[in-house]
Amino acid sequence: MNTQKSAVTINDISGIGRCSITVACPILSAAGIQTCALPTALLSTHTGGFDGYSFLDLTEEMTKIINHWSSLNITFDAIYSGYLGSTEQLNTVINFIDNNKDSLIMVDPVMGDGGSFYAGFTVEYISGMKKLCGKADIIVPNITEAFLLLGREYTEGPYTEEFIKELMKEISKTGCKKIVLTGVYFDEFEIGAASYDREDDVFEVYLAPRIEGFYHGTGDVFASVILSALLNNKTLAEATKIAVDFTEDSIIKTKNAGTDTRYGVLFEQVIPSLIRKLNL
Ligand code: PXL
């Protein structure tokens with residue numbers, strides 16, 4: 001009997017820069033999950049720091065891929081959506097989810113960071129993303145994306161625990177059942193994530209020492225570990241702790257190696273400890 005779980009990641013392929021599919025697939029595979037990929041766009045590099053990147057939108061191709069899969073009656077234990085290459089793709093993903101109601105749906109509402117949009121995203125995109133989040137079992141926004149989803153003006157921290165809890169309760173009104181919010185901090189020394197489960201009104205925070213600097217692709221690393229842990233039967237709070245520690249350790253490896261942060265974090269070196277934590 002095949003008890004191995006499967007997950008499809010709906011994400012771009014950035015050839016260089018450790019983000020999206022080149023992060024999600026290796027992490028999920030290491031966690032013992034069969035990985036499938038629905039690519040949204042093909043880029044030479046991600047959009048955050050390299051001039052002159054190429055970008056091929058795959059919106060039309062996505063519908064062909066989904067139609068073929070549905071003719072094969074393929075199902076997935078989880079569907080994980082990340083970077084979408086166009087506003088139109090939001091509807092494609094919503095339809096795909098509506099036709100796969102038994103899957104665990106995780107949406108990373110990739111739109112921006114540090115208080116601003118990533119290249120190519122606009123306010124028009126937000127309402128579609130809100131609708132997509134409403135269909136999710138779990139969403140994993142960063143603070144910037146949380147403000148965008150609520151239509152609130154971005155404010156920098158430190159935040160209070162009450163403020164973060166209220167923000168997450170407000171976001172859960174979009175309809176998603178669980179939220180893990182990244183980039184949460186209450187002072188200058190620590191940073192981490194908060195989890196909120198709407199059904200039992202449980203709110204928890206897990207922090208790690210802050211390491212200065214901007215490290216590209218950490219949101220994708222974090223989200224991929226959350227899904228890996230949940231599919232290995234960890235609770236939301238356990239998954240959050242594992243993901244914060246994994247991201248932190250990946251940043252430490254990168255800082256110690258002194259590599260250009262545009263190339264992403266050296267998460268590969270932390271995979272053995274993830275496998276141990278998941279008891280695989
Ligand atoms: O990590 C988020 C992300 C994913 N994919 C692409 C990006 C970014 C952030 O800039 O450019 C193509």
# chains A, B, ... in the order shown; residues from 1 in each chain; ligands from 1

$ residues_around --residues "Val180 (chain A)" --least-positions-apart "3" --cutoff "10 Å" --atoms "only C-alpha atoms" --output "ChimeraX atom specification"
/A:108,138-142,168,193-197,203-205,222-223,226,236-237,239-240

$ write_last_selection --atoms "N, CA, C and O atoms" --output "PDB file, in the first residue's frame"
ATOM      1  N   ASP A 108       0.286  30.615   0.131  1.00  0.00           N
ATOM      2  CA  ASP A 108       1.222  31.663   0.530  1.00  0.00           C
ATOM      3  C   ASP A 108       0.877  32.865  -0.349  1.00  0.00           C
ATOM      4  O   ASP A 108       1.099  32.828  -1.559  1.00  0.00           O
ATOM      5  N   ILE A 138      -5.004  26.796   5.269  1.00  0.00           N
ATOM      6  CA  ILE A 138      -3.946  27.514   5.981  1.00  0.00           C
ATOM      7  C   ILE A 138      -3.286  28.528   5.041  1.00  0.00           C
ATOM      8  O   ILE A 138      -3.043  28.222   3.873  1.00  0.00           O
ATOM      9  N   ILE A 139      -3.037  29.724   5.553  1.00  0.00           N
ATOM     10  CA  ILE A 139      -2.291  30.714   4.770  1.00  0.00           C
ATOM     11  C   ILE A 139      -1.045  31.133   5.550  1.00  0.00           C
ATOM     12  O   ILE A 139      -1.034  31.080   6.784  1.00  0.00           O
ATOM     13  N   VAL A 140      -0.003  31.529   4.807  1.00  0.00           N
ATOM     14  CA  VAL A 140       1.282  31.839   5.459  1.00  0.00           C
ATOM     15  C   VAL A 140       1.826  33.197   4.971  1.00  0.00           C
ATOM     16  O   VAL A 140       2.867  33.253   4.321  1.00  0.00           O
ATOM     17  N   PRO A 141       1.122  34.280   5.296  1.00  0.00           N
ATOM     18  CA  PRO A 141       1.598  35.599   4.841  1.00  0.00           C
ATOM     19  C   PRO A 141       2.765  36.100   5.691  1.00  0.00           C
ATOM     20  O   PRO A 141       2.951  35.641   6.820  1.00  0.00           O
ATOM     21  N   ASN A 142       3.542  37.036   5.137  1.00  0.00           N
ATOM     22  CA  ASN A 142       4.443  37.805   5.986  1.00  0.00           C
ATOM     23  C   ASN A 142       3.676  39.049   6.440  1.00  0.00           C
ATOM     24  O   ASN A 142       2.519  39.262   6.044  1.00  0.00           O
ATOM     25  N   MET A 168      -4.380  38.902  12.987  1.00  0.00           N
ATOM     26  CA  MET A 168      -4.623  37.545  12.482  1.00  0.00           C
ATOM     27  C   MET A 168      -6.104  37.179  12.557  1.00  0.00           C
ATOM     28  O   MET A 168      -6.630  36.531  11.654  1.00  0.00           O
ATOM     29  N   ALA A 193       7.453  33.775  14.189  1.00  0.00           N
ATOM     30  CA  ALA A 193       6.138  33.619  13.574  1.00  0.00           C
ATOM     31  C   ALA A 193       5.060  33.397  14.631  1.00  0.00           C
ATOM     32  O   ALA A 193       5.342  32.903  15.718  1.00  0.00           O
ATOM     33  N   ALA A 194       3.830  33.761  14.264  1.00  0.00           N
ATOM     34  CA  ALA A 194       2.680  33.528  15.140  1.00  0.00           C
ATOM     35  C   ALA A 194       1.706  32.623  14.401  1.00  0.00           C
ATOM     36  O   ALA A 194       1.559  32.744  13.182  1.00  0.00           O
ATOM     37  N   SER A 195       1.072  31.714  15.135  1.00  0.00           N
ATOM     38  CA  SER A 195       0.056  30.874  14.494  1.00  0.00           C
ATOM     39  C   SER A 195      -1.294  31.152  15.138  1.00  0.00           C
ATOM     40  O   SER A 195      -1.383  31.464  16.331  1.00  0.00           O
ATOM     41  N   TYR A 196      -2.341  31.050  14.328  1.00  0.00           N
ATOM     42  CA  TYR A 196      -3.703  31.273  14.828  1.00  0.00           C
ATOM     43  C   TYR A 196      -4.644  30.267  14.180  1.00  0.00           C
ATOM     44  O   TYR A 196      -4.637  30.109  12.956  1.00  0.00           O
ATOM     45  N   ASP A 197      -5.396  29.576  15.028  1.00  0.00           N
ATOM     46  CA  ASP A 197      -6.375  28.613  14.547  1.00  0.00           C
ATOM     47  C   ASP A 197      -7.762  29.181  14.860  1.00  0.00           C
ATOM     48  O   ASP A 197      -8.133  29.316  16.023  1.00  0.00           O
ATOM     49  N   PHE A 203      -3.935  30.981  19.735  1.00  0.00           N
ATOM     50  CA  PHE A 203      -2.918  31.880  19.193  1.00  0.00           C
ATOM     51  C   PHE A 203      -1.596  31.556  19.875  1.00  0.00           C
ATOM     52  O   PHE A 203      -1.532  31.472  21.103  1.00  0.00           O
ATOM     53  N   GLU A 204      -0.535  31.329  19.081  1.00  0.00           N
ATOM     54  CA  GLU A 204       0.775  31.042  19.689  1.00  0.00           C
ATOM     55  C   GLU A 204       1.877  31.758  18.929  1.00  0.00           C
ATOM     56  O   GLU A 204       1.731  32.031  17.728  1.00  0.00           O
ATOM     57  N   VAL A 205       2.963  32.045  19.640  1.00  0.00           N
ATOM     58  CA  VAL A 205       4.084  32.759  19.024  1.00  0.00           C
ATOM     59  C   VAL A 205       5.352  31.972  19.274  1.00  0.00           C
ATOM     60  O   VAL A 205       5.534  31.394  20.359  1.00  0.00           O
ATOM     61  N   PHE A 222      10.290  28.873   4.515  1.00  0.00           N
ATOM     62  CA  PHE A 222       9.419  28.760   5.692  1.00  0.00           C
ATOM     63  C   PHE A 222       8.127  28.000   5.341  1.00  0.00           C
ATOM     64  O   PHE A 222       7.746  27.035   6.010  1.00  0.00           O
ATOM     65  N   ALA A 223       7.454  28.438   4.281  1.00  0.00           N
ATOM     66  CA  ALA A 223       6.168  27.826   3.905  1.00  0.00           C
ATOM     67  C   ALA A 223       6.349  26.348   3.555  1.00  0.00           C
ATOM     68  O   ALA A 223       5.522  25.506   3.934  1.00  0.00           O
ATOM     69  N   ILE A 226       6.652  24.402   6.751  1.00  0.00           N
ATOM     70  CA  ILE A 226       5.345  24.300   7.423  1.00  0.00           C
ATOM     71  C   ILE A 226       4.544  23.148   6.814  1.00  0.00           C
ATOM     72  O   ILE A 226       4.029  22.277   7.518  1.00  0.00           O
ATOM     73  N   LEU A 236       0.005  22.592  14.399  1.00  0.00           N
ATOM     74  CA  LEU A 236       0.320  23.902  13.821  1.00  0.00           C
ATOM     75  C   LEU A 236       1.458  24.581  14.597  1.00  0.00           C
ATOM     76  O   LEU A 236       2.388  25.132  13.995  1.00  0.00           O
ATOM     77  N   ALA A 237       1.402  24.503  15.930  1.00  0.00           N
ATOM     78  CA  ALA A 237       2.448  25.135  16.753  1.00  0.00           C
ATOM     79  C   ALA A 237       3.787  24.425  16.567  1.00  0.00           C
ATOM     80  O   ALA A 237       4.840  25.075  16.476  1.00  0.00           O
ATOM     81  N   ALA A 239       4.735  22.743  13.880  1.00  0.00           N
ATOM     82  CA  ALA A 239       5.189  23.054  12.520  1.00  0.00           C
ATOM     83  C   ALA A 239       5.811  24.452  12.483  1.00  0.00           C
ATOM     84  O   ALA A 239       6.844  24.681  11.839  1.00  0.00           O
ATOM     85  N   THR A 240       5.195  25.391  13.219  1.00  0.00           N
ATOM     86  CA  THR A 240       5.694  26.767  13.245  1.00  0.00           C
ATOM     87  C   THR A 240       7.085  26.815  13.872  1.00  0.00           C
ATOM     88  O   THR A 240       7.998  27.461  13.346  1.00  0.00           O
TER      89      THR A 240
END

$ select_by_dssp --residues "region 57-207 of chain A" --states "strand (DSSP E)" --output "JSON, numbers by chain"
{"A": [57, 78, 79, 80, 81, 104, 105, 106, 107, 112, 113, 116, 117, 138, 139, 178, 179, 180, 181, 182, 183, 184, 190, 191, 192, 193, 194, 195, 196, 197, 202, 203, 204, 205, 206, 207]}

$ write_last_selection --atoms "N, CA, C and O atoms" --output "compact mmCIF listing (two decimals), in the first residue's frame"
# COMPACT_ATOMS: atom_id res chain seq x y z
N ASP A 57 5.35 34.03 -18.99
CA ASP A 57 4.11 33.78 -18.28
C ASP A 57 3.52 32.43 -18.75
O ASP A 57 3.46 32.18 -19.96
N ALA A 78 -2.09 17.49 -0.73
CA ALA A 78 -2.02 18.94 -0.45
C ALA A 78 -1.78 19.72 -1.73
O ALA A 78 -1.13 19.24 -2.66
N ILE A 79 -2.33 20.93 -1.72
CA ILE A 79 -2.08 21.88 -2.81
C ILE A 79 -1.48 23.12 -2.16
O ILE A 79 -2.06 23.67 -1.21
N TYR A 80 -0.33 23.52 -2.65
CA TYR A 80 0.40 24.65 -2.05
C TYR A 80 0.64 25.69 -3.14
O TYR A 80 1.39 25.46 -4.06
N SER A 81 -0.04 26.84 -3.01
CA SER A 81 0.19 27.87 -4.03
C SER A 81 1.10 28.97 -3.48
O SER A 81 1.00 29.35 -2.31
N LEU A 104 -5.55 19.23 1.34
CA LEU A 104 -5.22 20.31 2.27
C LEU A 104 -4.74 21.48 1.42
O LEU A 104 -3.83 21.32 0.59
N ILE A 105 -5.37 22.63 1.59
CA ILE A 105 -5.02 23.78 0.75
C ILE A 105 -4.16 24.77 1.55
O ILE A 105 -4.62 25.32 2.55
N MET A 106 -2.95 25.00 1.09
CA MET A 106 -2.10 26.01 1.72
C MET A 106 -1.80 27.12 0.70
O MET A 106 -1.32 26.83 -0.40
N VAL A 107 -2.09 28.33 1.09
CA VAL A 107 -1.84 29.48 0.20
C VAL A 107 -0.81 30.40 0.85
O VAL A 107 -0.99 30.86 1.98
N GLY A 112 4.61 40.69 -1.55
CA GLY A 112 5.60 41.71 -1.23
C GLY A 112 6.33 41.42 0.06
O GLY A 112 6.13 40.38 0.70
N ASP A 113 7.19 42.34 0.42
CA ASP A 113 7.95 42.23 1.67
C ASP A 113 8.51 43.61 2.02
O ASP A 113 8.57 44.49 1.15
N SER A 116 6.64 46.82 0.84
CA SER A 116 6.27 47.11 -0.56
C SER A 116 6.03 45.86 -1.39
O SER A 116 6.42 44.75 -1.00
N PHE A 117 5.37 46.08 -2.53
CA PHE A 117 5.08 44.98 -3.46
C PHE A 117 6.37 44.48 -4.12
O PHE A 117 7.30 45.26 -4.35
N ILE A 138 -5.00 26.80 5.27
CA ILE A 138 -3.95 27.51 5.98
C ILE A 138 -3.29 28.53 5.04
O ILE A 138 -3.04 28.22 3.87
N ILE A 139 -3.04 29.72 5.55
CA ILE A 139 -2.29 30.71 4.77
C ILE A 139 -1.04 31.13 5.55
O ILE A 139 -1.03 31.08 6.78
N LYS A 178 -6.61 28.49 9.25
CA LYS A 178 -5.41 28.66 10.06
C LYS A 178 -4.48 29.67 9.38
O LYS A 178 -4.43 29.73 8.14
N ILE A 179 -3.73 30.39 10.21
CA ILE A 179 -2.77 31.37 9.67
C ILE A 179 -1.45 31.19 10.39
O ILE A 179 -1.43 31.04 11.62
N VAL A 180 -0.36 31.22 9.63
CA VAL A 180 0.96 31.36 10.25
C VAL A 180 1.55 32.64 9.67
O VAL A 180 1.74 32.75 8.45
N LEU A 181 1.78 33.60 10.54
CA LEU A 181 2.25 34.93 10.12
C LEU A 181 3.74 35.04 10.43
O LEU A 181 4.16 34.83 11.57
N THR A 182 4.53 35.38 9.40
CA THR A 182 5.99 35.49 9.61
C THR A 182 6.41 36.95 9.77
O THR A 182 5.66 37.87 9.42
N GLY A 183 7.61 37.14 10.29
CA GLY A 183 8.14 38.49 10.47
C GLY A 183 7.59 39.18 11.69
O GLY A 183 7.54 40.42 11.76
N VAL A 184 7.18 38.38 12.69
CA VAL A 184 6.60 38.93 13.92
C VAL A 184 7.72 39.24 14.91
O VAL A 184 8.60 38.41 15.15
N GLU A 190 14.60 39.59 18.87
CA GLU A 190 14.06 38.31 18.37
C GLU A 190 13.04 38.56 17.25
O GLU A 190 12.40 39.60 17.20
N ILE A 191 12.88 37.55 16.40
CA ILE A 191 11.88 37.61 15.32
C ILE A 191 11.42 36.18 15.04
O ILE A 191 12.18 35.23 15.24
N GLY A 192 10.19 36.02 14.60
CA GLY A 192 9.68 34.67 14.35
C GLY A 192 8.30 34.68 13.74
O GLY A 192 8.01 35.53 12.88
N ALA A 193 7.45 33.78 14.19
CA ALA A 193 6.14 33.62 13.57
C ALA A 193 5.06 33.40 14.63
O ALA A 193 5.34 32.90 15.72
N ALA A 194 3.83 33.76 14.26
CA ALA A 194 2.68 33.53 15.14
C ALA A 194 1.71 32.62 14.40
O ALA A 194 1.56 32.74 13.18
N SER A 195 1.07 31.71 15.13
CA SER A 195 0.06 30.87 14.49
C SER A 195 -1.29 31.15 15.14
O SER A 195 -1.38 31.46 16.33
N TYR A 196 -2.34 31.05 14.33
CA TYR A 196 -3.70 31.27 14.83
C TYR A 196 -4.64 30.27 14.18
O TYR A 196 -4.64 30.11 12.96
N ASP A 197 -5.40 29.58 15.03
CA ASP A 197 -6.37 28.61 14.55
C ASP A 197 -7.76 29.18 14.86
O ASP A 197 -8.13 29.32 16.02
N VAL A 202 -7.01 29.49 19.05
CA VAL A 202 -5.71 29.34 19.70
C VAL A 202 -4.66 30.16 18.96
O VAL A 202 -4.51 30.06 17.74
N PHE A 203 -3.94 30.98 19.74
CA PHE A 203 -2.92 31.88 19.19
C PHE A 203 -1.60 31.56 19.88
O PHE A 203 -1.53 31.47 21.10
N GLU A 204 -0.53 31.33 19.08
CA GLU A 204 0.78 31.04 19.69
C GLU A 204 1.88 31.76 18.93
O GLU A 204 1.73 32.03 17.73
N VAL A 205 2.96 32.05 19.64
CA VAL A 205 4.08 32.76 19.02
C VAL A 205 5.35 31.97 19.27
O VAL A 205 5.53 31.39 20.36
N TYR A 206 6.23 31.92 18.28
CA TYR A 206 7.54 31.30 18.48
C TYR A 206 8.62 32.19 17.85
O TYR A 206 8.54 32.53 16.66
N LEU A 207 9.58 32.60 18.65
CA LEU A 207 10.61 33.54 18.19
C LEU A 207 12.00 32.93 18.27
O LEU A 207 12.24 32.01 19.05

$ residues_near_ligand --ligand "ligand 1" --cutoff "6 Å" --atoms "only C-alpha atoms and all ligand atoms" --output "number ranges by chain"
A: 12, 14, 19-20, 46-48, 83, 118, 217, 220

$ atom_distance --atom1 "CA of Leu72 (chain A)" --atom2 "CA of Glu60 (chain A)"
19.3 Å

$ closest_residue --among "A:Ala208, A:Ala24, A:Val244, A:Leu227" --to "Ile10 (chain A)" --atoms "only C-alpha atoms"
A:Ala24

$ residues_around --residues "region 26-33 of chain A" --least-positions-apart "2" --cutoff "8 Å" --atoms "only C-alpha atoms" --output "number ranges by chain"
A: 4-7, 22-24, 35, 221, 224-225, 227-229, 231-232, 271, 274-275, 278, 280

$ closest_residue --among "A:Ile171, A:Tyr185, A:Arg198, A:Glu166" --to "Leu150 (chain A)" --atoms "only C-alpha atoms"
A:Ile171

$ closest_residue --among "A:Thr45, A:Gln269, A:Thr122, A:Thr3" --to "His216 (chain A)" --atoms "only C-alpha atoms"
A:Thr45

$ atom_distance --atom1 "CA of Leu56 (chain A)" --atom2 "CA of Ser103 (chain A)"
28.5 Å

$ closest_residue --among "A:Cys176, A:Leu132, A:Val110, A:Ile74" --to "Asp98 (chain A)" --atoms "only C-alpha atoms"
A:Leu132

$ closest_residue --among "A:Ala37, A:Leu148, A:Ile242, A:Leu84" --to "Thr59 (chain A)" --atoms "only C-alpha atoms"
A:Leu84

$ atom_distance --atom1 "CA of Arg210 (chain A)" --atom2 "CA of Ile252 (chain A)"
10.2 Å
